[in-house]
Amino acid sequence: MPPADTGASVTDRAAASPQSSSDSPSPSSSAAATDPESDKLRPGGPGYRRMSFALFAAGVATFALLYSTQALLPAISADLDVAPDQASWTVSAATFGLALGVIPLSALSERFGRRTLMTASLTVAAVIALLVPFAPSLGTLIALRAVQGVALAGLPASAMAFLAEEVRAKALVAAIGLFVAGNSIGGMSGRIVTGWVAQAWGWRAALGAVGVLAVVCAVAFRLLVPRARHFAARSVGPRALARTLGGHLADPLLRRLYAIGGLFMTVFGAVYTVIGYRLVAEPFNLPQGIVGSIFVIYLVGTVSSAAAGKLVGRVGRRGALYLAVGTTTAGLLLTLVASVGAVLAGLVLITAGFFAGHAVASSSVSRTAKTARAQASALYQCAYYIGSSLGGALGAAAFHAAGWSGTVLLGLAAMVGAAGITLYATRKAVAERRLLSLGKAA
């Protein structure tokens, strides 16, 4: 891969830093010389807890804002007199805006730092969130949501790169799992709050409540996030950025991971964009507050994403992906049953499978990319949120045309694609091991 990036090793940075005034190396510098990761954050070590809480707060704000209108779509449709596939663009516009902005903003993080860009992204997105409730029409609402998505784009890729640079490699999956867990908490709390507030005071008041939550999270993040100790500022011009992105896209493993992340998010975006319409209609007829409370199922995602590291340790990365695909597929099929209990059980399986698959795929990107980690993560986030945009738009269109079974069919097609990619990778790895063993035998 091209060298234009931020992922310079700790040893390289140490060589470029000012020398100590003492001729004899300190114990800490001697330890760093033998173990380049000795001064990185680790569970139980100084700064790790603050970092975890800060990134958790950032994750909460990101998903709460990004999907703030998702649970409100039936109310928005009724109030503005628009069809589900039109209202769904209040979600898809935000995720599409994030997908467009994540790569250029990740390049800015190389120049200004991950911490600075994450703070700026959260602040701008929170300010826009306070304006969204006053949108006079669907078009204005969609436009504001698109801008908000672009503002949020500086956070996901920068967060992944920050963790990859500041946290020890052995703890990386667990650290990213905590960030993803914050995503699930944000997605859950945002939808529950909006559901009940909308039932009492309308969908505009509900969006205002999410804006206040985002402001609180942005302040908490800025106060808690530790200074970066392993970041080296570097300007990335358009040509260097293009070469870096081309290098990542030329890596077959990274391409597969990007596709898997996008396919998982297609399912998740489709299901949670449309589920509200299904549950407020026959035969369920659930009120808006109850529909919003169903998103408490996101707690399952908190558990499954945080446990992804242990799962990988037991069955390997591809094994974990197979389990995630199987769990998500079983959940999709279960939601076809016209029973609230069956639908809830299906959503539990879909959520657990999605967050496990996302945590494994995203951490694999950070681990695979030895250079330009911010851009590698940005490409993953781009594919991931394009999947969300397509899932929301296509899922709503499929529901409008064929009902819930059409949305489920779209999700099943995406899981077949993810399973096929993982199977291809498995067969390739087996073939490579056979060639290696034959070479040793010869």
# chains A, B, ... in the order shown; residues from 1 in each chain; ligands from 1
call {"tool": "residues_around", "arguments": {"residues": "range 118-122 of chain A", "least_positions_apart": "3", "cutoff": "10 Å", "atoms": "only C-alpha atoms", "output": "PyMOL selection string"}}
result
chain A and resi 55+58+61-62+65+105-106+109+113-115+125-127+148-159+162+214-215+217-219+221-222+225
call {"tool": "closest_atom_pairs", "arguments": {"of": "range 88-114 of chain A", "to": "range 382-391 of chain A", "cutoff": "10 Å", "atoms": "only C-alpha atoms", "output": "CSV"}}
result
residue,atom,partner,partner_atom,distance
A:Ser88,CA,A:Ser389,CA,9.3
A:Trp89,CA,A:Ser389,CA,8.3
A:Val91,CA,A:Ser389,CA,7.5
A:Ser92,CA,A:Ser389,CA,4.3
A:Ala93,CA,A:Ser389,CA,7.2
A:Ala94,CA,A:Ser389,CA,8.1
A:Thr95,CA,A:Tyr385,CA,5.4
A:Phe96,CA,A:Ser389,CA,5.6
A:Gly97,CA,A:Tyr385,CA,8.8
A:Leu98,CA,A:Tyr385,CA,6.9
A:Ala99,CA,A:Cys382,CA,4.3
A:Leu100,CA,A:Cys382,CA,6.9
A:Gly101,CA,A:Cys382,CA,8.3
A:Val102,CA,A:Cys382,CA,6.4
A:Ile103,CA,A:Cys382,CA,7.3
call {"tool": "write_last_selection", "arguments": {"atoms": "C-alpha atoms", "output": "PDB file, in the first residue's frame"}}
result
ATOM      1  CA  SER A  88     -37.350   7.002   4.397  1.00  0.00           C
ATOM      2  CA  TRP A  89     -35.044   9.547   2.727  1.00  0.00           C
ATOM      3  CA  VAL A  91     -32.770   8.467   7.154  1.00  0.00           C
ATOM      4  CA  SER A  92     -31.035   7.594   3.882  1.00  0.00           C
ATOM      5  CA  ALA A  93     -29.986  11.217   3.229  1.00  0.00           C
ATOM      6  CA  ALA A  94     -28.078  11.307   6.516  1.00  0.00           C
ATOM      7  CA  THR A  95     -26.315   7.991   5.955  1.00  0.00           C
ATOM      8  CA  PHE A  96     -25.566   8.868   2.318  1.00  0.00           C
ATOM      9  CA  GLY A  97     -24.127  12.223   3.427  1.00  0.00           C
ATOM     10  CA  LEU A  98     -21.895  10.415   5.884  1.00  0.00           C
ATOM     11  CA  ALA A  99     -20.777   7.993   3.175  1.00  0.00           C
ATOM     12  CA  LEU A 100     -19.825  10.912   0.903  1.00  0.00           C
ATOM     13  CA  GLY A 101     -17.992  12.860   3.593  1.00  0.00           C
ATOM     14  CA  VAL A 102     -16.121  10.142   5.429  1.00  0.00           C
ATOM     15  CA  ILE A 103     -13.155   9.856   3.034  1.00  0.00           C
TER      16      ILE A 103
END
call {"tool": "residues_around", "arguments": {"residues": "range 266-268 of chain A", "least_positions_apart": "3", "cutoff": "8 Å", "atoms": "only C-alpha atoms", "output": "list of chain:residue names"}}
result
A:Gly262, A:Leu263, A:Val271, A:Tyr272, A:Ile350, A:Thr351, A:Phe354, A:Gly387, A:Ser388, A:Ser389, A:Leu390, A:Gly391, A:Gly392, A:Leu410, A:Gly411, A:Leu412, A:Ala414, A:Met415
call {"tool": "closest_residue", "arguments": {"among": "A:Thr368, A:Thr328, A:Ser363, A:Thr273", "to": "Gln381 in chain A", "atoms": "only C-alpha atoms"}}
result
A:Ser363
call {"tool": "atom_distance", "arguments": {"atom1": "CA of Ile76 in chain A", "atom2": "CA of Val300 in chain A"}}
result
27.5 Å
call {"tool": "select_by_dssp", "arguments": {"residues": "range 36-119 of chain A", "states": "helix (DSSP H, G or I)", "output": "number ranges by chain"}}
result
A: 48-66, 70-80, 84-87, 89-112, 114-119
call {"tool": "residues_around", "arguments": {"residues": "Val340 in chain A", "least_positions_apart": "3", "cutoff": "10 Å", "atoms": "only C-alpha atoms", "output": "PyMOL selection string"}}
result
chain A and resi 279+283-284+286+335+337+343-346
call {"tool": "residues_around", "arguments": {"residues": "Ala281 in chain A", "least_positions_apart": "6", "cutoff": "12 Å", "atoms": "only C-alpha atoms", "output": "PyMOL selection string"}}
result
chain A and resi 74+274-275+287-288+291+338+403-404
call {"tool": "write_last_selection", "arguments": {"atoms": "N, CA, C and O atoms", "output": "mmCIF file, in the first residue's frame"}}
result
data_model
loop_
_atom_site.group_PDB
_atom_site.id
_atom_site.type_symbol
_atom_site.label_atom_id
_atom_site.label_comp_id
_atom_site.auth_asym_id
_atom_site.auth_seq_id
_atom_site.Cartn_x
_atom_site.Cartn_y
_atom_site.Cartn_z
ATOM 1 N N PRO A 74 -43.406 6.675 10.556
ATOM 2 C CA PRO A 74 -44.866 6.673 10.404
ATOM 3 C C PRO A 74 -45.503 8.011 10.779
ATOM 4 O O PRO A 74 -46.430 8.474 10.096
ATOM 5 N N VAL A 274 -38.121 0.081 8.133
ATOM 6 C CA VAL A 274 -39.483 -0.320 7.772
ATOM 7 C C VAL A 274 -40.280 -0.885 8.949
ATOM 8 O O VAL A 274 -41.511 -0.841 8.942
ATOM 9 N N ILE A 275 -39.611 -1.387 9.974
ATOM 10 C CA ILE A 275 -40.309 -2.123 11.033
ATOM 11 C C ILE A 275 -41.407 -1.280 11.693
ATOM 12 O O ILE A 275 -42.456 -1.799 12.086
ATOM 13 N N PRO A 287 -49.041 1.509 19.310
ATOM 14 C CA PRO A 287 -48.867 2.963 19.362
ATOM 15 C C PRO A 287 -47.404 3.358 19.173
ATOM 16 O O PRO A 287 -46.496 2.538 19.346
ATOM 17 N N GLN A 288 -47.165 4.641 18.843
ATOM 18 C CA GLN A 288 -45.820 5.130 18.523
ATOM 19 C C GLN A 288 -44.834 4.913 19.674
ATOM 20 O O GLN A 288 -43.681 4.550 19.458
ATOM 21 N N VAL A 291 -43.744 1.289 19.753
ATOM 22 C CA VAL A 291 -42.865 1.009 18.608
ATOM 23 C C VAL A 291 -41.456 1.536 18.881
ATOM 24 O O VAL A 291 -40.465 0.857 18.623
ATOM 25 N N ALA A 338 -46.651 -13.649 11.829
ATOM 26 C CA ALA A 338 -47.529 -12.540 12.225
ATOM 27 C C ALA A 338 -47.838 -12.593 13.717
ATOM 28 O O ALA A 338 -48.979 -12.746 14.144
ATOM 29 N N GLY A 403 -44.948 -5.424 0.693
ATOM 30 C CA GLY A 403 -45.138 -5.658 2.117
ATOM 31 C C GLY A 403 -43.850 -6.116 2.800
ATOM 32 O O GLY A 403 -42.750 -6.059 2.230
ATOM 33 N N TRP A 404 -44.002 -6.588 4.033
ATOM 34 C CA TRP A 404 -42.832 -6.964 4.831
ATOM 35 C C TRP A 404 -42.024 -8.087 4.183
ATOM 36 O O TRP A 404 -40.802 -8.134 4.299
#
call {"tool": "residues_around", "arguments": {"residues": "range 68-71 of chain A", "least_positions_apart": "6", "cutoff": "7 Å", "atoms": "only C-alpha atoms", "output": "count of residues only"}}
result
10
call {"tool": "residues_around", "arguments": {"residues": "range 133-140 of chain A", "least_positions_apart": "6", "cutoff": "7 Å", "atoms": "only C-alpha atoms", "output": "short mmCIF file (atom, residue, chain, number, x, y, z; two decimals) with all heavy atoms, in the first residue's frame"}}
result
data_model
loop_
_atom_site.label_atom_id
_atom_site.label_comp_id
_atom_site.auth_asym_id
_atom_site.auth_seq_id
_atom_site.Cartn_x
_atom_site.Cartn_y
_atom_site.Cartn_z
N ARG A 204 -41.57 16.53 16.04
CA ARG A 204 -40.61 17.64 16.08
C ARG A 204 -39.99 17.78 17.48
O ARG A 204 -38.78 17.98 17.61
CB ARG A 204 -41.29 18.94 15.65
CG ARG A 204 -41.73 18.94 14.19
CD ARG A 204 -42.37 20.26 13.79
NE ARG A 204 -42.89 20.21 12.44
CZ ARG A 204 -42.19 20.45 11.34
NH1 ARG A 204 -40.90 20.74 11.44
NH2 ARG A 204 -42.74 20.38 10.15
N ALA A 205 -40.82 17.66 18.50
CA ALA A 205 -40.30 17.70 19.86
C ALA A 205 -39.36 16.52 20.11
O ALA A 205 -38.34 16.65 20.82
CB ALA A 205 -41.46 17.67 20.87
N LEU A 207 -37.36 15.07 17.92
CA LEU A 207 -36.06 15.37 17.32
C LEU A 207 -35.29 16.40 18.16
O LEU A 207 -34.06 16.34 18.25
CB LEU A 207 -36.26 15.89 15.90
CG LEU A 207 -36.75 14.85 14.88
CD1 LEU A 207 -36.93 15.50 13.51
CD2 LEU A 207 -35.78 13.68 14.78
N GLY A 208 -36.01 17.32 18.79
CA GLY A 208 -35.36 18.28 19.68
C GLY A 208 -34.72 17.59 20.88
O GLY A 208 -33.62 17.97 21.32
#
